Amino acid sequence: MLRFDVMTLFPEMVKAPLSESIIGRAQKAEKLKVVCHNIRDYSKDRHHRVDDTPYGGGKGMLMMPDPVYDCFCAIPKEGERRRVIYLSPKGKVLTQKKARSLATFDQIILLCGHYEGIDQRVLDEIVEEELSIGDYVLTGGELAATVVIDAVGRLIDGVLPDPICHEEESLSSGLLEYPQYTRPVEWHGVRVPEVLQGGNHQKIRAWRDEKAVELTVKNRPDLLSDKGES
Ligand code: 4G1
């Protein structure tokens with residue numbers, strides 16, 4: 001059982017999407033656990049304030065260290081292998097390889113920033129690793145935490161409905177996935193490729209490999225040069 005603890009100002013942003021579909025079912029089946037902690041509950045301020053202005057000036061507000069630290073201290077320890085991760089655009093970008101490695105942990109504590117970020121001192125004290133989901137601006141780390149839990153959670157034994165061979169998957173092979181088709185055989189005047197309708201599995205494999213390479217060259221040539229990263 002992998003336990004995710006999410007420290008956030010907006011727990012519903014994380015809880016709601018993970019209660020649906022495959023990860024929702026996996027939580028009910030106790031294959032993984034997602035516990036959200038509202039950092040605001042740890043504000044000692046009479047007005048439940050959790051943000052303040054940055055020293056040195058600059059735009060916006062920063063999350064104060066104390067509520068984050070007290071929230072962290074209230075999280076019970078689970079198992080031996082634990083990681084504290086801050087979702088941040090300054091971190092290394094999440095890869096499938098990283099997701100596979102995180103799936104071996106007992107507990108993953110995810111800290112979500114909001115506003116302009118978090119006071120550096122509490123980050124230096126509690127965070128072991130920073131992880132980003134990509135190069136763009138978000139309003140907070142909540143959606144990033146949700147992405148990490150989805151990507152890692154589906155790799156846990158018994159989470160996926162049928163045991164998909166992860167090695168066969170796109171990305172694990174270093175390629176994008178070939179196009180797929182289901183019934184009807186003709187839709188909007190477009191027919192399913194003839195080769196897929198026959199039973200020649202060698203030919204089907206060759207066609208799929210060709211399409212996968214074609215698509216990867218066109219859309220993600222970067223995947224072809226860093227196969228090791230997948
Ligand atoms: C400077 C993106 C700031 C954003 C440069 C991916 C982005 C967390 C992520 C930002 C965040 C760039 C992520 C930016 C994220 C504090 C609160 C950071 C939200 C915050 C390229 C805002 N993967 N962004 N700053 O987005 O948390 O994990």
# chains A, B, ... in the order shown; residues from 1 in each chain; ligands from 1

call {"tool": "residues_near_ligand", "arguments": {"ligand": "ligand 1", "cutoff": "9 Å", "atoms": "only C-alpha atoms and all ligand atoms", "output": "PyMOL selection string"}}
result
chain A and resi 62+86-91+93-94+112-118+130-145

call {"tool": "write_last_selection", "arguments": {"atoms": "N, CA, C and O atoms", "output": "CSV table (one decimal), in the first residue's frame"}}
result
chain,number,residue,atom,x,y,z
A,62,LEU,N,3.6,35.3,-0.4
A,62,LEU,CA,4.3,34.1,-0.2
A,62,LEU,C,3.6,33.3,0.9
A,62,LEU,O,3.1,33.9,1.8
A,86,TYR,N,8.4,18.6,-3.1
A,86,TYR,CA,7.8,19.9,-3.4
A,86,TYR,C,7.5,20.0,-4.9
A,86,TYR,O,8.5,19.9,-5.7
A,87,LEU,N,6.2,20.2,-5.3
A,87,LEU,CA,5.9,20.4,-6.7
A,87,LEU,C,6.3,21.8,-7.1
A,87,LEU,O,5.8,22.8,-6.5
A,88,SER,N,7.2,21.9,-8.0
A,88,SER,CA,7.8,23.3,-8.3
A,88,SER,C,8.3,23.3,-9.7
A,88,SER,O,9.0,22.3,-10.2
A,89,PRO,N,8.1,24.4,-10.4
A,89,PRO,CA,8.7,24.5,-11.8
A,89,PRO,C,10.3,24.5,-11.7
A,89,PRO,O,10.9,24.4,-12.8
A,90,LYS,N,10.9,24.6,-10.5
A,90,LYS,CA,12.3,24.6,-10.4
A,90,LYS,C,12.8,23.2,-10.4
A,90,LYS,O,14.1,22.9,-10.4
A,91,GLY,N,12.0,22.2,-10.2
A,91,GLY,CA,12.4,20.8,-10.1
A,91,GLY,C,12.7,20.1,-11.4
A,91,GLY,O,12.5,20.7,-12.5
A,93,VAL,N,11.9,17.6,-14.3
A,93,VAL,CA,10.6,17.2,-14.9
A,93,VAL,C,10.3,15.7,-14.7
A,93,VAL,O,11.2,14.9,-15.0
A,94,LEU,N,9.1,15.4,-14.3
A,94,LEU,CA,8.7,14.1,-14.1
A,94,LEU,C,8.8,13.3,-15.4
A,94,LEU,O,8.3,13.7,-16.5
A,112,CYS,N,2.3,21.4,-2.0
A,112,CYS,CA,1.8,22.2,-3.1
A,112,CYS,C,1.9,23.7,-2.7
A,112,CYS,O,1.4,24.1,-1.7
A,113,GLY,N,2.6,24.4,-3.6
A,113,GLY,CA,2.7,25.9,-3.4
A,113,GLY,C,1.5,26.6,-4.0
A,113,GLY,O,0.8,26.0,-4.8
A,114,HIS,N,1.3,27.8,-3.6
A,114,HIS,CA,0.3,28.7,-4.2
A,114,HIS,C,0.8,30.1,-4.1
A,114,HIS,O,1.9,30.4,-3.5
A,115,TYR,N,0.0,31.1,-4.7
A,115,TYR,CA,0.5,32.5,-4.7
A,115,TYR,C,1.9,32.5,-5.5
A,115,TYR,O,2.1,31.8,-6.5
A,116,GLU,N,2.9,33.1,-4.9
A,116,GLU,CA,4.2,33.2,-5.6
A,116,GLU,C,5.2,32.1,-5.0
A,116,GLU,O,6.3,32.1,-5.4
A,117,GLY,N,4.6,31.2,-4.2
A,117,GLY,CA,5.5,30.2,-3.7
A,117,GLY,C,5.6,30.1,-2.2
A,117,GLY,O,4.7,30.7,-1.5
A,118,ILE,N,6.6,29.5,-1.6
A,118,ILE,CA,6.7,29.2,-0.2
A,118,ILE,C,8.0,29.8,0.3
A,118,ILE,O,9.1,29.7,-0.4
A,130,GLU,N,12.6,18.3,-5.4
A,130,GLU,CA,11.6,19.1,-6.1
A,130,GLU,C,11.3,18.5,-7.5
A,130,GLU,O,12.2,18.0,-8.1
A,131,LEU,N,10.0,18.5,-7.8
A,131,LEU,CA,9.6,17.8,-9.1
A,131,LEU,C,8.6,18.7,-9.8
A,131,LEU,O,7.7,19.3,-9.2
A,132,SER,N,8.8,18.8,-11.1
A,132,SER,CA,8.0,19.7,-12.0
A,132,SER,C,7.2,18.8,-12.9
A,132,SER,O,7.7,17.7,-13.3
A,133,ILE,N,6.0,19.2,-13.4
A,133,ILE,CA,5.4,18.5,-14.5
A,133,ILE,C,5.5,19.1,-15.8
A,133,ILE,O,5.0,18.6,-16.8
A,134,GLY,N,6.3,20.2,-15.9
A,134,GLY,CA,6.5,20.8,-17.2
A,134,GLY,C,6.7,22.3,-17.2
A,134,GLY,O,6.5,22.9,-16.1
A,135,ASP,N,7.1,22.8,-18.3
A,135,ASP,CA,7.5,24.2,-18.4
A,135,ASP,C,6.3,25.1,-18.8
A,135,ASP,O,6.2,25.4,-20.0
A,136,TYR,N,5.6,25.5,-17.9
A,136,TYR,CA,4.5,26.5,-18.1
A,136,TYR,C,4.1,27.0,-16.7
A,136,TYR,O,4.6,26.5,-15.7
A,137,VAL,N,3.3,28.1,-16.7
A,137,VAL,CA,3.0,28.7,-15.4
A,137,VAL,C,1.6,28.1,-14.9
A,137,VAL,O,0.7,28.0,-15.7
A,138,LEU,N,1.6,27.7,-13.6
A,138,LEU,CA,0.3,27.3,-13.0
A,138,LEU,C,0.0,28.2,-11.9
A,138,LEU,O,0.8,29.0,-11.4
A,139,THR,N,-1.3,28.1,-11.4
A,139,THR,CA,-1.7,29.0,-10.3
A,139,THR,C,-1.3,28.3,-9.0
A,139,THR,O,-1.3,28.9,-7.9
A,140,GLY,N,-1.0,27.0,-9.0
A,140,GLY,CA,-0.7,26.3,-7.8
A,140,GLY,C,-0.1,24.9,-8.1
A,140,GLY,O,-0.3,24.4,-9.3
A,141,GLY,N,0.4,24.2,-7.1
A,141,GLY,CA,1.0,22.9,-7.3
A,141,GLY,C,0.0,21.8,-7.3
A,141,GLY,O,0.4,20.6,-7.5
A,142,GLU,N,-1.3,22.1,-7.0
A,142,GLU,CA,-2.3,21.0,-6.8
A,142,GLU,C,-2.5,20.1,-8.0
A,142,GLU,O,-2.6,18.9,-7.9
A,143,LEU,N,-2.6,20.7,-9.2
A,143,LEU,CA,-2.8,19.9,-10.4
A,143,LEU,C,-1.5,19.1,-10.7
A,143,LEU,O,-1.6,17.9,-11.2
A,144,ALA,N,-0.4,19.6,-10.4
A,144,ALA,CA,0.9,18.9,-10.6
A,144,ALA,C,0.9,17.7,-9.6
A,144,ALA,O,1.3,16.6,-10.0
A,145,ALA,N,0.5,17.9,-8.4
A,145,ALA,CA,0.5,16.8,-7.4
A,145,ALA,C,-0.5,15.7,-7.9
A,145,ALA,O,-0.2,14.5,-7.8

call {"tool": "select_by_dssp", "arguments": {"residues": "stretch 16-118 of chain A", "states": "strand (DSSP E or B)", "output": "ChimeraX atom specification"}}
result
/A:32-38,51-52,62-63,82-93,107-112,114,118

call {"tool": "atom_distance", "arguments": {"atom1": "atom CA of A:His47", "atom2": "atom CA of A:Met64"}}
result
13.9 Å

call {"tool": "residues_around", "arguments": {"residues": "stretch 199-215 of chain A", "least_positions_apart": "2", "cutoff": "7 Å", "atoms": "only C-alpha atoms", "output": "VMD selection string"}}
result
chain A and resid 175 to 178 195 to 197 217 to 219

call {"tool": "write_last_selection", "arguments": {"atoms": "C-alpha atoms", "output": "short mmCIF file (atom, residue, chain, number, x, y, z; two decimals), in the first residue's frame"}}
result
data_model
loop_
_atom_site.label_atom_id
_atom_site.label_comp_id
_atom_site.auth_asym_id
_atom_site.auth_seq_id
_atom_site.Cartn_x
_atom_site.Cartn_y
_atom_site.Cartn_z
CA LEU A 175 8.02 5.78 -28.96
CA LEU A 176 4.57 7.33 -29.21
CA GLU A 177 1.69 4.93 -29.59
CA TYR A 178 0.45 3.74 -33.00
CA VAL A 195 -3.89 -4.88 -42.41
CA LEU A 196 -5.58 -4.61 -38.97
CA GLN A 197 -8.65 -6.51 -40.22
CA VAL A 217 9.68 11.53 -35.77
CA LYS A 218 6.95 14.03 -36.66
CA ASN A 219 5.78 15.11 -33.15
#

call {"tool": "closest_residue", "arguments": {"among": "A:Glu129, A:Glu20, A:Thr8, A:Gln27", "to": "A:Val50", "atoms": "only C-alpha atoms"}}
result
A:Thr8

call {"tool": "closest_residue", "arguments": {"among": "A:Asp222, A:Glu186, A:Glu194, A:Asp157", "to": "A:Ala26", "atoms": "only C-alpha atoms"}}
result
A:Asp157

call {"tool": "residues_around", "arguments": {"residues": "A:Leu2", "least_positions_apart": "3", "cutoff": "8 Å", "atoms": "only C-alpha atoms", "output": "ChimeraX atom specification"}}
result
/A:31-33,103,105-108

call {"tool": "closest_residue", "arguments": {"among": "A:Ile39, A:Gly58, A:Ile85, A:Asp150", "to": "A:Glu128", "atoms": "only C-alpha atoms"}}
result
A:Ile85

call {"tool": "residues_around", "arguments": {"residues": "A:Cys36", "least_positions_apart": "5", "cutoff": "7 Å", "atoms": "only C-alpha atoms", "output": "ChimeraX atom specification"}}
result
/A:5-7,11

call {"tool": "closest_residue", "arguments": {"among": "A:Thr216, A:Thr182, A:Gln120, A:Ser19", "to": "A:Pro54", "atoms": "only C-alpha atoms"}}
result
A:Gln120
